[in-house]
>>> print(open('model.txt').read())   # compact mmCIF, C-alpha atoms
# COMPACT_ATOMS: atom_id res chain seq x y z
CA MET A 487 14.21 47.24 -40.45
CA ARG A 488 11.45 48.78 -42.49
CA VAL A 489 10.86 51.21 -39.62
CA PHE A 490 14.25 52.77 -40.39
CA ARG A 491 13.45 52.78 -44.15
CA ARG A 492 15.93 50.03 -44.86
CA GLN A 493 15.45 46.73 -46.60
CA PRO A 494 16.84 43.45 -45.24
CA ALA A 495 19.94 42.16 -46.94
CA VAL A 496 18.27 38.81 -47.79
CA GLU A 497 14.64 38.31 -48.60
CA GLU A 498 12.81 35.08 -49.29
CA TYR A 499 11.48 34.92 -52.81
CA TYR A 500 8.90 32.52 -54.17
CA PRO A 501 8.04 32.44 -57.88
CA ALA A 502 4.47 33.22 -58.80
CA THR A 503 3.97 29.64 -59.96
CA ALA A 504 5.21 28.03 -56.71
CA PRO A 505 2.96 28.14 -53.65
CA ALA A 506 4.40 29.21 -50.34
CA PRO A 507 5.27 26.26 -48.07
CA THR A 508 2.85 25.52 -45.28
CA TRP A 509 3.78 23.96 -41.93
CA ALA A 510 1.49 21.32 -40.48
CA PRO A 511 1.47 20.59 -36.73
CA PRO A 512 3.37 17.42 -35.80
CA THR A 513 1.28 14.30 -35.66
CA PRO A 514 1.14 12.92 -32.11
CA ARG A 515 2.78 9.54 -31.74
CA VAL A 516 0.26 6.85 -30.93
CA ARG A 517 1.49 4.57 -28.16
CA ARG A 518 1.01 0.91 -28.85
CA GLN A 519 -1.24 -0.65 -26.28
CA ARG A 520 0.01 -3.93 -24.91
CA GLY A 521 -2.27 -6.51 -23.43
CA PRO A 522 -1.83 -7.86 -19.91
CA TRP A 523 -1.24 -11.42 -21.07
CA LEU A 524 2.49 -11.48 -20.39
CA HIS A 525 1.90 -10.18 -16.86
CA VAL A 526 -0.80 -12.80 -16.27
CA ILE A 527 1.38 -15.64 -17.56
CA LEU A 528 4.36 -14.60 -15.42
CA PHE A 529 2.09 -14.23 -12.37
CA ALA A 530 0.65 -17.74 -12.89
CA ALA A 531 4.10 -19.26 -13.47
CA THR A 532 5.47 -17.61 -10.33
CA PHE A 533 2.48 -18.82 -8.31
CA VAL A 534 3.23 -22.39 -9.43
CA THR A 535 6.95 -22.19 -8.64
CA THR A 536 6.38 -20.60 -5.22
CA SER A 537 3.75 -23.26 -4.44
CA MET A 538 6.24 -25.97 -5.36
CA ALA A 539 8.90 -24.36 -3.16
CA GLY A 540 6.40 -24.13 -0.28
CA ALA A 541 5.43 -27.77 -0.70
CA ARG A 542 9.07 -28.83 -0.60
CA GLU A 543 9.59 -26.91 2.65
CA ALA A 544 6.54 -28.68 4.07
CA GLY A 545 8.06 -32.06 3.34
CA VAL A 546 5.74 -32.84 0.40
CA ASP A 547 6.99 -33.85 -3.04
CA PRO A 548 5.34 -31.41 -5.50
CA PHE A 549 6.28 -33.63 -8.46
CA ALA A 550 4.50 -36.73 -7.13
CA ALA A 551 0.99 -35.39 -7.78
CA VAL A 552 -0.60 -32.14 -8.85
CA GLY A 553 -2.68 -32.08 -5.68
CA ASN A 554 0.50 -31.82 -3.62
CA LEU A 555 0.79 -28.19 -4.68
CA ARG A 556 -1.92 -27.36 -2.16
CA ALA A 557 0.66 -27.93 0.55
CA GLY A 558 2.52 -24.88 -0.73
CA PHE A 559 -0.47 -22.52 -1.01
CA PRO A 560 -0.06 -20.90 2.46
CA PHE A 561 3.51 -19.93 1.61
CA SER A 562 2.80 -19.02 -2.01
CA ILE A 563 -0.32 -16.92 -1.45
CA THR A 564 1.34 -14.96 1.36
CA LEU A 565 4.56 -14.27 -0.53
CA MET A 566 2.77 -13.38 -3.77
CA SER A 567 0.52 -10.97 -1.86
CA ILE A 568 3.53 -9.19 -0.35
CA LEU A 569 5.21 -8.87 -3.76
CA LEU A 570 1.97 -7.74 -5.42
CA PHE A 571 1.29 -5.01 -2.85
CA HIS A 572 4.92 -3.88 -3.10
CA GLU A 573 4.75 -3.41 -6.87
CA MET A 574 1.25 -1.96 -6.85
CA GLY A 575 2.46 0.66 -4.38
CA HIS A 576 4.94 1.80 -7.04
CA TYR A 577 2.32 1.58 -9.77
CA MET A 578 -0.36 3.59 -7.99
CA LEU A 579 1.99 6.43 -7.01
CA SER A 580 3.35 6.46 -10.56
CA ARG A 581 -0.17 7.09 -11.80
CA VAL A 582 -0.66 9.84 -9.22
CA HIS A 583 2.43 11.71 -10.44
CA GLY A 584 1.77 11.15 -14.14
CA VAL A 585 4.61 8.65 -14.62
CA ARG A 586 3.94 5.99 -17.24
CA ALA A 587 4.57 2.58 -15.68
CA SER A 588 3.85 -1.00 -16.62
CA LEU A 589 1.95 -3.57 -14.63
CA PRO A 590 4.09 -5.80 -12.37
CA TYR A 591 6.36 -8.40 -13.97
CA PHE A 592 6.77 -11.44 -11.69
CA ILE A 593 9.96 -13.48 -12.09
CA PRO A 594 9.57 -17.24 -11.49
CA ALA A 595 12.54 -19.24 -10.26
CA PRO A 596 13.31 -22.98 -10.30
CA PRO A 597 11.52 -24.81 -7.47
CA ILE A 598 14.87 -25.81 -6.00
CA PHE A 599 15.30 -22.14 -5.07
CA ILE A 600 14.05 -21.75 -1.53
CA ALA A 601 11.42 -19.10 -2.37
CA GLY A 602 10.53 -20.16 -5.91
CA THR A 603 10.81 -16.59 -7.23
CA PHE A 604 13.35 -13.88 -7.90
CA GLY A 605 10.85 -11.15 -7.03
CA ALA A 606 8.91 -8.74 -9.22
CA PHE A 607 9.33 -5.31 -10.80
CA ILE A 608 7.54 -2.63 -12.78
CA ARG A 609 9.03 -0.76 -15.73
CA MET A 610 8.77 3.02 -15.67
CA GLU A 611 8.42 4.29 -19.23
CA SER A 612 8.90 7.91 -18.17
CA ALA A 613 10.96 9.37 -15.34
CA PRO A 614 9.51 11.32 -12.39
CA ARG A 615 9.96 15.05 -12.98
CA SER A 616 11.03 16.03 -9.45
CA ARG A 617 12.75 14.61 -6.41
CA ARG A 618 9.47 14.77 -4.51
CA ALA A 619 7.66 12.65 -7.08
CA LEU A 620 10.64 10.26 -7.19
CA PHE A 621 10.49 9.79 -3.43
CA ASP A 622 6.76 9.07 -3.45
CA VAL A 623 7.12 6.44 -6.17
CA GLY A 624 10.24 4.84 -4.69
CA ALA A 625 9.13 4.65 -1.05
CA ALA A 626 5.54 3.52 -1.70
CA GLY A 627 6.56 -0.03 -2.68
CA PRO A 628 8.59 -1.03 0.41
CA TRP A 629 6.01 0.45 2.78
CA ALA A 630 3.11 -1.30 1.02
CA GLY A 631 4.89 -4.67 1.14
CA PHE A 632 5.91 -4.10 4.76
CA MET A 633 2.31 -3.48 5.78
CA ILE A 634 1.40 -6.94 4.46
CA ALA A 635 4.51 -8.74 5.75
CA VAL A 636 4.07 -7.69 9.40
CA PRO A 637 0.58 -9.17 9.96
CA ALA A 638 1.66 -12.27 8.00
CA ILE A 639 4.59 -12.75 10.39
CA VAL A 640 2.38 -12.28 13.45
CA VAL A 641 -0.18 -14.81 12.20
CA GLY A 642 2.53 -17.23 11.10
CA LEU A 643 4.44 -17.01 14.39
CA LYS A 644 1.29 -17.90 16.31
CA MET A 645 1.16 -21.12 14.27
CA SER A 646 4.89 -21.83 14.49
CA GLN A 647 6.61 -24.31 16.76
CA VAL A 648 8.96 -23.20 19.52
CA LEU A 649 11.78 -25.62 20.30
CA PRO A 650 14.60 -25.35 22.84
CA LEU A 651 18.21 -25.02 21.82
CA GLY A 652 19.64 -28.52 21.52
CA ALA A 653 21.95 -30.77 19.57
CA ASN A 654 21.21 -31.80 16.02
CA ALA A 655 22.77 -32.70 12.71
CA GLY A 656 23.10 -29.08 11.60
CA GLY A 657 21.55 -27.44 8.57
CA ASP A 658 20.70 -24.19 6.80
CA MET A 659 19.48 -21.36 8.98
CA LEU A 660 17.68 -18.05 8.49
CA GLY A 661 19.01 -14.84 9.94
CA GLU A 662 17.07 -12.39 12.10
CA SER A 663 16.35 -8.75 11.54
CA VAL A 664 15.54 -6.32 14.33
CA ILE A 665 11.86 -6.16 13.38
CA PHE A 666 11.55 -9.95 13.21
CA SER A 667 13.10 -10.38 16.65
CA LEU A 668 10.75 -7.70 18.02
CA LEU A 669 7.69 -9.38 16.50
CA SER A 670 8.84 -12.74 17.92
CA ARG A 671 9.08 -11.25 21.38
CA LEU A 672 5.68 -9.56 21.15
CA THR A 673 3.93 -12.58 19.62
CA LEU A 674 5.57 -15.55 21.37
CA GLY A 675 7.14 -13.91 24.39
CA VAL A 676 10.57 -15.23 23.37
CA LEU A 677 13.52 -14.13 21.27
CA PRO A 678 14.91 -16.20 18.40
CA ASP A 679 18.29 -16.09 20.16
CA ASP A 680 16.84 -17.96 23.15
CA VAL A 681 14.91 -20.72 21.36
CA MET A 682 14.51 -22.37 17.99
CA ILE A 683 11.43 -21.33 16.02
CA GLN A 684 10.20 -23.83 13.43
CA LEU A 685 8.52 -21.31 11.18
CA HIS A 686 5.07 -21.88 9.77
CA PRO A 687 5.00 -21.31 5.98
CA ILE A 688 3.06 -18.06 6.43
CA ALA A 689 5.72 -16.74 8.81
CA MET A 690 8.47 -17.85 6.44
CA ALA A 691 6.77 -15.96 3.59
CA GLY A 692 6.65 -12.90 5.85
CA TRP A 693 10.35 -13.34 6.57
CA PHE A 694 11.05 -13.34 2.85
CA GLY A 695 8.87 -10.25 2.54
CA LEU A 696 11.14 -8.41 4.99
CA PHE A 697 14.20 -9.71 3.16
CA VAL A 698 12.88 -8.42 -0.18
CA THR A 699 12.12 -5.08 1.47
CA SER A 700 15.67 -4.71 2.77
CA LEU A 701 17.19 -5.66 -0.60
CA ASN A 702 15.05 -3.10 -2.42
CA LEU A 703 16.02 -0.41 0.10
CA LEU A 704 19.75 -0.74 -0.52
CA PRO A 705 20.79 2.91 -1.14
CA VAL A 706 22.41 2.33 -4.51
CA GLY A 707 21.55 2.82 -8.18
CA GLN A 708 17.92 2.70 -9.21
CA LEU A 709 16.74 0.41 -6.44
CA ASP A 710 14.01 1.79 -4.20
CA GLY A 711 16.68 2.81 -1.70
CA GLY A 712 18.54 4.58 -4.48
CA HIS A 713 15.39 6.55 -5.33
CA VAL A 714 14.97 7.56 -1.69
CA THR A 715 18.64 8.47 -1.28
CA TYR A 716 18.67 10.64 -4.40
CA ALA A 717 15.44 12.34 -3.31
CA MET A 718 17.02 13.12 0.06
CA PHE A 719 20.52 14.23 -0.93
CA GLY A 720 20.35 15.03 -4.63
CA PRO A 721 23.72 14.73 -6.47
CA ARG A 722 25.44 13.93 -3.16
CA HIS A 723 23.73 10.52 -3.17
CA ARG A 724 26.72 9.06 -5.06
CA TRP A 725 28.87 9.22 -1.93
CA VAL A 726 26.23 7.30 0.05
CA ALA A 727 26.08 4.64 -2.67
CA ARG A 728 29.85 4.17 -2.72
CA ALA A 729 30.11 4.03 1.05
CA PHE A 730 27.42 1.36 1.24
CA LEU A 731 29.11 -0.62 -1.54
CA ALA A 732 32.18 -0.79 0.69
CA VAL A 733 29.99 -2.01 3.56
CA VAL A 734 28.46 -4.73 1.36
CA LEU A 735 31.90 -5.89 0.23
CA PHE A 736 33.00 -6.09 3.86
CA LEU A 737 29.91 -8.12 4.80
CA SER A 738 30.60 -10.54 1.95
CA THR A 739 33.85 -11.51 3.67
CA GLN A 740 32.60 -11.49 7.25
CA GLY A 741 28.97 -12.60 6.93
CA TRP A 742 26.95 -13.82 3.95
CA PRO A 743 28.99 -14.51 0.77
CA GLY A 744 25.91 -13.69 -1.31
CA TRP A 745 26.59 -10.00 -0.71
CA LEU A 746 29.44 -10.27 -3.22
CA PHE A 747 26.92 -11.13 -5.94
CA TRP A 748 24.82 -8.09 -5.02
CA ALA A 749 27.90 -5.86 -5.00
CA VAL A 750 28.81 -6.98 -8.52
CA LEU A 751 25.19 -6.68 -9.71
CA VAL A 752 24.61 -3.12 -8.49
CA THR A 753 28.01 -2.07 -9.85
CA LEU A 754 27.13 -3.39 -13.31
CA LEU A 755 23.69 -1.75 -13.20
CA GLY A 756 25.20 1.54 -12.02
CA LEU A 757 25.77 3.03 -8.59
CA ASP A 758 24.58 6.53 -9.49
CA HIS A 759 20.97 7.55 -9.91
CA PRO A 760 20.10 9.52 -13.06
CA PRO A 761 19.06 13.13 -12.31
CA THR A 762 15.47 14.20 -12.40
CA MET A 763 14.33 17.17 -14.48
CA ASP A 764 13.88 19.24 -11.30
CA TRP A 765 16.92 18.15 -9.30
CA TRP A 766 17.39 21.28 -7.20
CA THR A 767 14.06 21.41 -5.30
CA PRO A 768 14.53 19.57 -1.96
CA LEU A 769 11.93 17.49 -0.17
CA ASP A 770 9.37 19.30 1.91
CA GLY A 771 9.13 18.75 5.66
CA ARG A 772 6.54 15.96 5.50
CA ARG A 773 8.47 14.00 2.89
CA ARG A 774 11.75 14.58 4.71
CA LEU A 775 10.29 12.95 7.81
CA ALA A 776 8.92 10.07 5.72
CA ALA A 777 12.35 9.67 4.10
CA TRP A 778 14.10 9.24 7.45
CA LEU A 779 11.39 6.77 8.51
CA THR A 780 12.15 4.83 5.33
CA VAL A 781 15.83 4.79 6.29
CA ALA A 782 14.78 3.44 9.70
CA LEU A 783 12.72 0.77 7.93
CA PHE A 784 15.83 -0.32 6.06
CA VAL A 785 17.82 -0.55 9.28
CA LEU A 786 15.08 -2.60 11.00
CA THR A 787 14.77 -5.09 8.12
CA PHE A 788 18.44 -5.40 7.13
CA MET A 789 20.25 -8.65 7.99
CA PRO A 790 24.06 -8.86 7.70
CA ALA A 791 23.81 -12.65 7.34
CA PRO A 792 20.34 -13.62 6.04
CA PHE A 793 21.42 -17.21 5.33
CA TRP A 794 24.03 -19.30 7.07
CA PHE A 795 24.89 -22.92 7.80
CA SER A 796 25.00 -24.46 11.25
CA GLU A 797 27.44 -27.30 11.76
CA ALA A 798 26.41 -30.43 13.60
CA LYS A 799 26.95 -30.63 17.33
CA PRO A 800 27.57 -34.17 18.62
CA GLN A 801 25.31 -35.43 21.38
CA PHE A 802 27.00 -37.65 23.94
CA GLU A 803 25.52 -40.94 25.01
CA GLY A 804 23.08 -40.50 27.81
CA GLU A 805 22.48 -36.83 27.15
CA ARG A 806 18.81 -35.95 26.87
CA THR A 807 17.33 -32.69 25.71
CA PRO A 808 13.81 -31.88 26.85
CA VAL A 809 11.59 -30.70 24.03
CA ALA A 810 8.55 -28.49 24.58
CA PHE A 811 6.01 -27.40 22.00
CA ASN A 812 3.52 -24.58 22.10
CA LEU A 813 0.73 -26.89 20.93
CA PRO A 814 -2.72 -26.06 22.36
CA SER A 815 -5.09 -28.69 23.62
CA PRO A 816 -6.37 -30.82 20.66
CA ARG A 817 -9.80 -31.02 22.25
CA ARG A 818 -10.21 -27.24 22.08
CA HIS A 819 -8.40 -26.25 18.90
CA GLY A 820 -7.53 -29.44 17.06
CA PRO A 821 -4.14 -29.99 15.40
CA ARG A 822 -2.70 -26.56 14.80
CA PHE A 823 0.36 -27.52 12.79
CA VAL A 824 -1.32 -29.17 9.82
CA PHE A 825 0.04 -28.26 6.40
CA GLY A 826 -1.37 -29.71 3.23
CA GLY A 827 -3.20 -32.45 5.11
CA HIS A 828 -0.03 -33.73 6.80
CA PRO A 829 1.13 -32.81 10.33
CA ILE A 830 4.38 -30.89 10.38
CA VAL A 831 7.09 -33.02 11.93
CA PRO A 832 9.54 -30.86 13.92
CA ARG A 833 12.94 -30.89 12.33
CA PRO A 834 16.08 -31.39 14.42
CA THR A 835 17.11 -28.28 16.29
CA THR A 836 20.56 -26.81 16.60
CA ALA A 837 22.57 -25.31 19.40
CA ALA A 838 23.39 -22.31 17.26
CA LYS A 839 21.15 -19.28 17.30
CA GLY A 840 18.80 -18.70 14.43
CA ILE A 841 15.71 -19.90 12.66
CA PRO A 842 15.84 -23.31 10.98
CA LEU A 843 14.81 -23.62 7.37
>>> encode(input="model.txt", output="structure tokens")
Amino acid sequence: MRVFRRQPAVEEYYPATAPAPTWAPPTPRVRRQRGPWLHVILFAATFVTTSMAGAREAGVDPFAAVGNLRAGFPFSITLMSILLFHEMGHYMLSRVHGVRASLPYFIPAPPIFIAGTFGAFIRMESAPRSRRALFDVGAAGPWAGFMIAVPAIVVGLKMSQVLPLGANAGGDMLGESVIFSLLSRLTLGVLPDDVMIQLHPIAMAGWFGLFVTSLNLLPVGQLDGGHVTYAMFGPRHRWVARAFLAVVLFLSTQGWPGWLFWAVLVTLLGLDHPPTMDWWTPLDGRRRLAAWLTVALFVLTFMPAPFWFSEAKPQFEGERTPVAFNLPSPRRHGPRFVFGGHPIVPRPTTAAKGIPL
């Protein structure tokens, strides 16, 4: 206003005795560094619980002696490796995109739980800035775990026992995904629908790896599938999440009742994904192709009924069921189905289709 020879209506006035205020730059907040001890303790505890669960599946009592835990090492080491690679995939891509993330937290479970763990997770302390960064972080985990689960299944199937469909006393069964059936056909030359496969612990850990992958890829909330869905469709992802919630509720009545628990859990955690800072920039062509491949990975690993119970089928007097094993010659290879120092005794088979636990 001085240009037009006018004075401002209000001027700041400081007495001669009072110094003018000075503004200091804000002091940067120092982040408190946390040690890795909690992560190490949870990892060790989960390794113990998964080893106990693996020993129980091998027919060994893990509470009888500490040395019996060795019977569960093939299952535990394989499953822990799949979970570790899954979470480290998230962690490494978070570092690439400048997202602050914690080391993996492993969640131990009581040994009576079939896997001995409830999985693992990392905590992102800052959100990805764009949909492209969100996709890279979200999709890296399932693909990293899948790359470990597939060779584990192949190796485990080669050491598994193949039994014909016959009568038994019933029992808990594992479901089959498309990718597991394909690997069974390529590895053993048979389909799980045609025979009974007594899974080796390494193959069972690989099966759980695929199951964890499919659960993480559910296209809802802030699961890995929710990250991918939001990166693909932006704000329209909410309609995909609600449609899949309806599918899960339907499967809980027609297939596995456990889907009802997951439907309630994802609803409580939130179906919608929070927006990124740059929510309008779509994925580029390379990421769009990778996103659809991730959707295909979900379809190949998803199981409508991952667990189910087979009722007993009575066997009439005089009926005989021939049993054949894929055991190689002991003189050439030695006993191939040895687990924890004890031969694996084939469990009764069932006439229903599936994989016995």
>>> residues_around(input="model.txt", residues="stretch 690-695 of chain A", least_positions_apart="4", cutoff="9 Å", atoms="only C-alpha atoms", output="list in words")
Pro560, Phe561, Ser562, Ile563, Thr564, Leu565, Met566, Ile568, Leu569, Ala601, Gly631, Phe632, Ile634, Ala635, Val636, Pro637, Ala638, Ile639, Val640, Gly642, Leu643, Leu660, Glu662, Phe666, Leu685, His686, Thr699, Ser700 and Leu843 of chain A
>>> closest_residue(input="model.txt", among="A:Pro792, A:Gly744, A:Pro597, A:Gly707", to="A:Ala539", atoms="all atoms listed in the file")
A:Pro597
>>> closest_residue(input="model.txt", among="A:Trp742, A:Thr787, A:Val546, A:Gly720", to="A:Leu769", atoms="only C-alpha atoms")
A:Gly720
>>> residues_around(input="model.txt", residues="stretch 525-532 of chain A", least_positions_apart="4", cutoff="9 Å", atoms="all atoms listed in the file", output="PyMOL selection string")
chain A and resi 521+536-537+562+566+589-595+602-603
>>> atom_distance(input="model.txt", atom1="atom CA of A:His572", atom2="atom CA of A:Leu783")
14.3 Å
>>> axis_aligned_box(input="model.txt", around="stretch 615-626 of chain A", padding_each_side="4 Å", output="lines of an AutoDock Vina configuration file")
center_x = 9.1
center_y = 9.8
center_z = -7.0
size_x = 15.2
size_y = 20.5
size_z = 19.9
>>> atom_distance(input="model.txt", atom1="atom CA of A:Glu573", atom2="atom CA of A:Ile665")
21.6 Å
>>> residues_around(input="model.txt", residues="A:His759", least_positions_apart="6", cutoff="7 Å", atoms="only C-alpha atoms", output="VMD selection string")
chain A and resid 707 to 708 712 716
>>> closest_residue(input="model.txt", among="A:Met763, A:Pro522, A:Thr673, A:Arg772", to="A:Ser646", atoms="all atoms listed in the file")
A:Thr673
>>> atom_distance(input="model.txt", atom1="atom CA of A:Ile683", atom2="atom CA of A:Met645")
10.4 Å
>>> closest_residue(input="model.txt", among="A:Gly741, A:Gly575, A:Pro614, A:Gly675", to="A:Ala630", atoms="all atoms listed in the file")
A:Gly575
>>> residues_around(input="model.txt", residues="A:Thr739", least_positions_apart="6", cutoff="12 Å", atoms="all atoms listed in the file", output="PyMOL selection string")
chain A and resi 732-733+745-747+749+790-791
>>> residues_around(input="model.txt", residues="A:Thr715", least_positions_apart="3", cutoff="8 Å", atoms="only C-alpha atoms", output="MDAnalysis selection string")
chainID A and resid 705:706 711:712 718:720 723 726
